[in-house]
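For reference, model.txt is printed below; it contains compact mmCIF, N, CA and C atoms.
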# COMPACT_ATOMS: atom_id res chain seq x y z
N MET A 932 146.33 36.46 -121.39
CA MET A 932 146.92 35.51 -122.29
C MET A 932 146.82 34.12 -121.64
N PRO A 933 146.06 33.24 -122.20
CA PRO A 933 145.91 31.91 -121.59
C PRO A 933 147.18 31.07 -121.73
N GLY A 934 147.44 30.30 -120.69
CA GLY A 934 148.57 29.38 -120.74
C GLY A 934 149.87 29.92 -120.21
N ILE A 935 149.96 31.21 -119.95
CA ILE A 935 151.19 31.78 -119.42
C ILE A 935 150.98 32.06 -117.93
N VAL A 936 151.79 31.43 -117.11
CA VAL A 936 151.72 31.60 -115.66
C VAL A 936 152.40 32.92 -115.31
N PRO A 937 151.81 33.72 -114.41
CA PRO A 937 152.47 34.96 -114.00
C PRO A 937 153.87 34.66 -113.44
N HIS A 938 154.86 35.38 -113.94
CA HIS A 938 156.23 35.14 -113.50
C HIS A 938 157.08 36.38 -113.77
N ARG A 939 158.28 36.36 -113.23
CA ARG A 939 159.31 37.35 -113.51
C ARG A 939 160.54 36.59 -113.95
N HIS A 940 161.59 37.34 -114.26
CA HIS A 940 162.85 36.71 -114.61
C HIS A 940 163.93 37.17 -113.65
N CYS A 941 164.81 36.24 -113.30
CA CYS A 941 165.93 36.53 -112.41
C CYS A 941 166.74 37.68 -113.00
N LEU A 942 167.14 38.62 -112.15
CA LEU A 942 167.88 39.80 -112.60
C LEU A 942 169.29 39.46 -113.07
N VAL A 943 169.81 38.29 -112.70
CA VAL A 943 171.17 37.92 -113.06
C VAL A 943 171.19 36.95 -114.24
N CYS A 944 170.49 35.82 -114.09
CA CYS A 944 170.61 34.77 -115.11
C CYS A 944 169.41 34.69 -116.05
N GLY A 945 168.30 35.34 -115.72
CA GLY A 945 167.15 35.37 -116.61
C GLY A 945 166.19 34.21 -116.51
N LYS A 946 166.39 33.31 -115.55
CA LYS A 946 165.46 32.19 -115.39
C LYS A 946 164.11 32.68 -114.92
N ALA A 947 163.05 31.99 -115.30
CA ALA A 947 161.70 32.33 -114.86
C ALA A 947 161.57 31.99 -113.37
N ILE A 948 161.02 32.94 -112.60
CA ILE A 948 160.86 32.76 -111.17
C ILE A 948 159.48 33.25 -110.75
N GLU A 949 159.14 33.09 -109.49
CA GLU A 949 157.86 33.54 -108.96
C GLU A 949 157.78 35.07 -109.05
N PRO A 950 156.58 35.62 -109.18
CA PRO A 950 156.43 37.06 -109.35
C PRO A 950 156.91 37.91 -108.16
N ASP A 951 156.96 37.32 -106.97
CA ASP A 951 157.34 38.09 -105.80
C ASP A 951 158.83 38.01 -105.47
N LYS A 952 159.62 37.34 -106.30
CA LYS A 952 161.06 37.21 -106.07
C LYS A 952 161.83 37.99 -107.13
N ASN A 953 163.08 38.35 -106.79
CA ASN A 953 163.95 39.03 -107.75
C ASN A 953 165.06 38.12 -108.27
N PHE A 954 165.40 37.09 -107.48
CA PHE A 954 166.50 36.22 -107.84
C PHE A 954 166.07 34.77 -107.71
N CYS A 955 166.68 33.89 -108.52
CA CYS A 955 166.31 32.47 -108.48
C CYS A 955 167.06 31.72 -107.39
N SER A 956 168.20 32.25 -106.95
CA SER A 956 168.99 31.56 -105.92
C SER A 956 169.82 32.56 -105.13
N ASP A 957 170.40 32.08 -104.05
CA ASP A 957 171.30 32.93 -103.26
C ASP A 957 172.55 33.28 -104.05
N ASP A 958 173.00 32.38 -104.92
CA ASP A 958 174.18 32.66 -105.74
C ASP A 958 173.94 33.87 -106.64
N CYS A 959 172.76 33.94 -107.25
CA CYS A 959 172.44 35.08 -108.11
C CYS A 959 172.33 36.36 -107.29
N LYS A 960 171.77 36.28 -106.08
CA LYS A 960 171.66 37.45 -105.23
C LYS A 960 173.04 37.98 -104.84
N VAL A 961 173.95 37.07 -104.50
CA VAL A 961 175.32 37.47 -104.15
C VAL A 961 176.02 38.09 -105.36
N ALA A 962 175.84 37.51 -106.54
CA ALA A 962 176.44 38.05 -107.75
C ALA A 962 175.91 39.45 -108.05
N TRP A 963 174.60 39.66 -107.85
CA TRP A 963 173.99 40.96 -108.08
C TRP A 963 174.55 42.01 -107.11
N GLU A 964 174.65 41.64 -105.83
CA GLU A 964 175.17 42.58 -104.83
C GLU A 964 176.64 42.91 -105.10
N LYS A 965 177.42 41.93 -105.53
CA LYS A 965 178.82 42.16 -105.87
C LYS A 965 178.94 43.14 -107.04
N GLU A 966 178.11 42.95 -108.07
CA GLU A 966 178.14 43.84 -109.23
C GLU A 966 177.70 45.25 -108.85
N ARG A 967 176.67 45.37 -108.02
CA ARG A 967 176.20 46.68 -107.57
C ARG A 967 177.30 47.42 -106.79
N LYS A 968 178.02 46.69 -105.94
CA LYS A 968 179.11 47.28 -105.17
C LYS A 968 180.21 47.76 -106.11
N ARG A 969 180.54 46.96 -107.14
CA ARG A 969 181.56 47.34 -108.11
C ARG A 969 181.15 48.61 -108.86
N GLN A 970 179.88 48.66 -109.27
CA GLN A 970 179.38 49.84 -109.98
C GLN A 970 179.40 51.08 -109.09
N ARG A 971 179.02 50.91 -107.81
CA ARG A 971 179.03 52.04 -106.88
C ARG A 971 180.45 52.56 -106.69
N ASN A 972 181.41 51.65 -106.50
CA ASN A 972 182.80 52.07 -106.32
C ASN A 972 183.33 52.78 -107.56
N PHE A 973 182.97 52.30 -108.74
CA PHE A 973 183.41 52.95 -109.98
C PHE A 973 182.82 54.36 -110.08
N SER A 974 181.55 54.51 -109.75
CA SER A 974 180.91 55.83 -109.80
C SER A 974 181.57 56.80 -108.82
N LEU A 975 181.86 56.33 -107.62
CA LEU A 975 182.52 57.19 -106.63
C LEU A 975 183.92 57.58 -107.09
N MET A 976 184.63 56.66 -107.71
CA MET A 976 185.97 56.95 -108.21
C MET A 976 185.90 58.00 -109.33
N MET A 977 184.94 57.88 -110.23
CA MET A 977 184.79 58.85 -111.31
C MET A 977 184.41 60.23 -110.76
N LEU A 978 183.56 60.27 -109.75
CA LEU A 978 183.17 61.53 -109.13
C LEU A 978 184.38 62.19 -108.48
N ALA A 979 185.18 61.42 -107.75
CA ALA A 979 186.37 61.96 -107.12
C ALA A 979 187.36 62.47 -108.17
N LEU A 980 187.54 61.72 -109.24
CA LEU A 980 188.44 62.15 -110.31
C LEU A 980 187.95 63.45 -110.96
N LEU A 981 186.65 63.56 -111.17
CA LEU A 981 186.09 64.78 -111.73
C LEU A 981 186.31 65.98 -110.80
N MET A 982 186.12 65.78 -109.51
CA MET A 982 186.31 66.86 -108.55
C MET A 982 187.77 67.31 -108.51
N ILE A 983 188.71 66.36 -108.56
CA ILE A 983 190.13 66.70 -108.57
C ILE A 983 190.48 67.46 -109.85
N LEU A 984 189.97 67.01 -110.96
CA LEU A 984 190.23 67.67 -112.24
C LEU A 984 189.68 69.10 -112.24
N LEU A 985 188.47 69.27 -111.75
CA LEU A 985 187.89 70.62 -111.67
C LEU A 985 188.69 71.51 -110.73
N PHE A 986 189.15 70.95 -109.63
CA PHE A 986 189.97 71.72 -108.70
C PHE A 986 191.21 72.26 -109.39
N PHE A 987 191.90 71.38 -110.15
CA PHE A 987 193.10 71.82 -110.84
C PHE A 987 192.79 72.82 -111.95
N ILE A 988 191.69 72.66 -112.64
CA ILE A 988 191.33 73.60 -113.70
C ILE A 988 191.03 74.98 -113.11
N ILE A 989 190.34 75.01 -111.99
CA ILE A 989 189.94 76.29 -111.40
C ILE A 989 191.09 76.99 -110.68
N PHE A 990 191.92 76.25 -109.98
CA PHE A 990 192.91 76.87 -109.09
C PHE A 990 194.34 76.88 -109.60
N THR A 991 194.62 76.42 -110.80
CA THR A 991 195.98 76.53 -111.32
C THR A 991 196.15 77.88 -112.00
N PRO A 992 197.31 78.51 -111.78
CA PRO A 992 197.54 79.82 -112.42
C PRO A 992 197.68 79.67 -113.93
N ARG A 993 197.29 80.72 -114.61
CA ARG A 993 197.35 80.69 -116.08
C ARG A 993 198.58 81.34 -116.59

So that I can check it, write out the structure of this file as structure tokens.
Amino acid sequence: MPGIVPHRHCLVCGKAIEPDKNFCSDDCKVAWEKERKRQRNFSLMMLALLMILLFFIIFTPR
């Protein structure tokens, strides 16, 4: 496609950036890492809650 320079978009804000980069700035990189950490913590919390729930379902007397 003529006229379109090879590029990617920032994973956080969507700005056009160089093809070999993932983020347009350090601020976007920090925001991405913060969000990834939040998502990881949420997933671990849900896994722990599921394990506790299964434990009670399996080991409580009927």

Query raised in the report: For A:Trp963, which residue out of A:Met976, A:Phe986, A:Ala947, A:Leu942 is the nearest one, using only N, CA and C atoms?
Result: A:Leu942

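The two atoms in question, atom CA of A:Cys959 and atom CA of A:Cys941, are spaced 7.9 Å apart.
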
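Among the candidates A:Val943, A:Ile983, A:Ile988, A:Ile935, the one nearest to A:Glu966 when counting only C-alpha atoms is A:Val943.
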
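The coordinates place atom CA of A:Val936 at 28.1 Å from atom CA of A:Glu964.
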
Query raised in the report: How many Å separate atom N of A:Leu985 from atom CA of A:Lys965?
Result: 29.4 Å

Query raised in the report: Out of chain A, which residues get strand (DSSP E) from DSSP, as a PyMOL selection string?
Result: chain A and resi 939-940+947-948

Query - Counting all atoms listed in the file, the option among A:Lys960, A:Leu981, A:Pro992, A:Asp951 closest to A:Pro937 - result: A:Asp951

Report task. Might you pull out every residue within 9 Å of A:Pro950, with only C-alpha atoms counted and same-chain residues fewer than 2 positions away left off, and present them as number ranges by chain? Result -> A: 937-940, 947-948, 952-953
